[in-house]
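Report on the following structure.
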Amino acid sequence: LFRLMYPSSPIESRDASLARSLRSAHVPRACEVARIAGIAALPAATVACDGPIEGAHIKPHAKGGNDRVENGLWLCRLHHRATEGRLSGTRAEPRLAKRGKQ
């Protein structure tokens with residue numbers, strides 16, 4: 001019932017376009033969690049990478065983000081879920097946003 005009332009596309013399909021952008025820009029496909037400033041604030045930051053590498057939006061679509069290279073990073077599934085909606089900046093300077101619970 002919830003899915004009927006609140007339809008949304010799964011993260012995997014939303015990230016497909018971003019992944020294509022990252023691949024076409026020849027960004028090496030490896031988890032880039034270490035590039036994120038302030039990531040040490042998350043408990044998951046100390047955990048080794050786990051799961052497939054995915055294209056992750058810095059600024060989510062829901063907040064006006066796009067699928068351009070400057071709005072994306074490669075992250076493993078674990079780090080993608082841990083940082084979902086908590087990033088700000090650009091690909092040149094990704095950082096953990098200081099808002100909400102972390």
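Lettering and numbering for the structure tokens are positional, with chains as A, B, ... in the shown order, residues counted from 1 in each chain, and ligands counted from 1 in the shown order.
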
Open item on the list: as a ChimeraX atom specification, please: every residue in chain A that a backbone DSSP assignment puts in helix (DSSP H, G or I).
Closed with: /A:2-5,11-24,33-35,39-41,43-46,61-63,69-71,77-83

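For A:Glu32, the residues within 8 Å (counting only C-alpha atoms, excluding itself and residues fewer than 4 positions away along the chain) are Ile36, Leu73, Trp74 and Leu75 of chain A.
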
Contact residues around A:Ala44 with only C-alpha atoms at 12 Å, ignoring same-chain residues under 3 positions, as a PDB file with N, CA, C and O atoms, in the first residue's frame:
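Dumped everything to around-v8.pdb:
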ATOM      1  N   VAL A  33      35.205   7.142  -1.066  1.00  0.00           N
ATOM      2  CA  VAL A  33      34.786   7.658   0.240  1.00  0.00           C
ATOM      3  C   VAL A  33      35.889   8.472   0.906  1.00  0.00           C
ATOM      4  O   VAL A  33      35.614   9.452   1.608  1.00  0.00           O
ATOM      5  N   ALA A  34      37.139   8.132   0.684  1.00  0.00           N
ATOM      6  CA  ALA A  34      38.250   8.857   1.311  1.00  0.00           C
ATOM      7  C   ALA A  34      38.361  10.301   0.824  1.00  0.00           C
ATOM      8  O   ALA A  34      38.958  11.138   1.506  1.00  0.00           O
ATOM      9  N   ILE A  39      34.224  12.918   6.511  1.00  0.00           N
ATOM     10  CA  ILE A  39      33.629  11.576   6.522  1.00  0.00           C
ATOM     11  C   ILE A  39      33.909  10.839   7.826  1.00  0.00           C
ATOM     12  O   ILE A  39      33.154   9.965   8.227  1.00  0.00           O
ATOM     13  N   ALA A  40      34.955  11.191   8.535  1.00  0.00           N
ATOM     14  CA  ALA A  40      35.290  10.524   9.797  1.00  0.00           C
ATOM     15  C   ALA A  40      34.172  10.668  10.833  1.00  0.00           C
ATOM     16  O   ALA A  40      34.122   9.920  11.799  1.00  0.00           O
ATOM     17  N   ALA A  41      33.254  11.613  10.620  1.00  0.00           N
ATOM     18  CA  ALA A  41      32.143  11.814  11.548  1.00  0.00           C
ATOM     19  C   ALA A  41      31.117  10.676  11.487  1.00  0.00           C
ATOM     20  O   ALA A  41      30.314  10.528  12.389  1.00  0.00           O
ATOM     21  N   VAL A  47      34.541   1.446   8.364  1.00  0.00           N
ATOM     22  CA  VAL A  47      34.255   0.101   7.891  1.00  0.00           C
ATOM     23  C   VAL A  47      34.793  -0.058   6.471  1.00  0.00           C
ATOM     24  O   VAL A  47      34.678   0.851   5.653  1.00  0.00           O
ATOM     25  N   ALA A  48      35.374  -1.210   6.194  1.00  0.00           N
ATOM     26  CA  ALA A  48      35.897  -1.484   4.852  1.00  0.00           C
ATOM     27  C   ALA A  48      34.765  -1.485   3.838  1.00  0.00           C
ATOM     28  O   ALA A  48      33.606  -1.783   4.162  1.00  0.00           O
ATOM     29  N   CYS A  49      35.099  -1.169   2.615  1.00  0.00           N
ATOM     30  CA  CYS A  49      34.111  -1.138   1.534  1.00  0.00           C
ATOM     31  C   CYS A  49      33.405  -2.481   1.412  1.00  0.00           C
ATOM     32  O   CYS A  49      34.008  -3.533   1.639  1.00  0.00           O
ATOM     33  N   ASP A  50      32.129  -2.420   1.050  1.00  0.00           N
ATOM     34  CA  ASP A  50      31.340  -3.638   0.912  1.00  0.00           C
ATOM     35  C   ASP A  50      30.280  -3.416  -0.152  1.00  0.00           C
ATOM     36  O   ASP A  50      29.618  -2.386  -0.176  1.00  0.00           O
ATOM     37  N   CYS A  76      31.036   2.495  -2.814  1.00  0.00           N
ATOM     38  CA  CYS A  76      30.535   1.133  -2.646  1.00  0.00           C
ATOM     39  C   CYS A  76      29.125   1.242  -2.049  1.00  0.00           C
ATOM     40  O   CYS A  76      28.745   2.298  -1.532  1.00  0.00           O
ATOM     41  N   ARG A  77      28.375   0.173  -2.127  1.00  0.00           N
ATOM     42  CA  ARG A  77      26.990   0.214  -1.634  1.00  0.00           C
ATOM     43  C   ARG A  77      26.917   0.631  -0.171  1.00  0.00           C
ATOM     44  O   ARG A  77      26.056   1.428   0.219  1.00  0.00           O
ATOM     45  N   LEU A  78      27.827   0.140   0.665  1.00  0.00           N
ATOM     46  CA  LEU A  78      27.815   0.482   2.089  1.00  0.00           C
ATOM     47  C   LEU A  78      27.993   1.986   2.305  1.00  0.00           C
ATOM     48  O   LEU A  78      27.213   2.627   3.014  1.00  0.00           O
ATOM     49  N   HIS A  79      28.999   2.566   1.683  1.00  0.00           N
ATOM     50  CA  HIS A  79      29.263   3.998   1.870  1.00  0.00           C
ATOM     51  C   HIS A  79      28.223   4.865   1.159  1.00  0.00           C
ATOM     52  O   HIS A  79      27.922   5.970   1.614  1.00  0.00           O
ATOM     53  N   HIS A  80      27.647   4.362   0.070  1.00  0.00           N
ATOM     54  CA  HIS A  80      26.580   5.092  -0.613  1.00  0.00           C
ATOM     55  C   HIS A  80      25.384   5.226   0.328  1.00  0.00           C
ATOM     56  O   HIS A  80      24.838   6.317   0.505  1.00  0.00           O
ATOM     57  N   ARG A  81      24.978   4.137   0.956  1.00  0.00           N
ATOM     58  CA  ARG A  81      23.831   4.183   1.864  1.00  0.00           C
ATOM     59  C   ARG A  81      24.135   5.049   3.091  1.00  0.00           C
ATOM     60  O   ARG A  81      23.273   5.770   3.576  1.00  0.00           O
ATOM     61  N   ALA A  82      25.354   4.995   3.578  1.00  0.00           N
ATOM     62  CA  ALA A  82      25.724   5.764   4.781  1.00  0.00           C
ATOM     63  C   ALA A  82      25.731   7.264   4.516  1.00  0.00           C
ATOM     64  O   ALA A  82      25.506   8.064   5.429  1.00  0.00           O
ATOM     65  N   THR A  83      26.009   7.674   3.279  1.00  0.00           N
ATOM     66  CA  THR A  83      26.098   9.104   2.968  1.00  0.00           C
ATOM     67  C   THR A  83      24.890   9.631   2.201  1.00  0.00           C
ATOM     68  O   THR A  83      24.828  10.817   1.902  1.00  0.00           O
ATOM     69  N   GLN A 102      23.683  12.633  12.163  1.00  0.00           N
ATOM     70  CA  GLN A 102      24.769  11.998  11.436  1.00  0.00           C
ATOM     71  C   GLN A 102      25.235  10.848  12.178  1.00  0.00           C
ATOM     72  O   GLN A 102      25.808  10.354  12.778  1.00  0.00           O
TER      73      GLN A 102
END
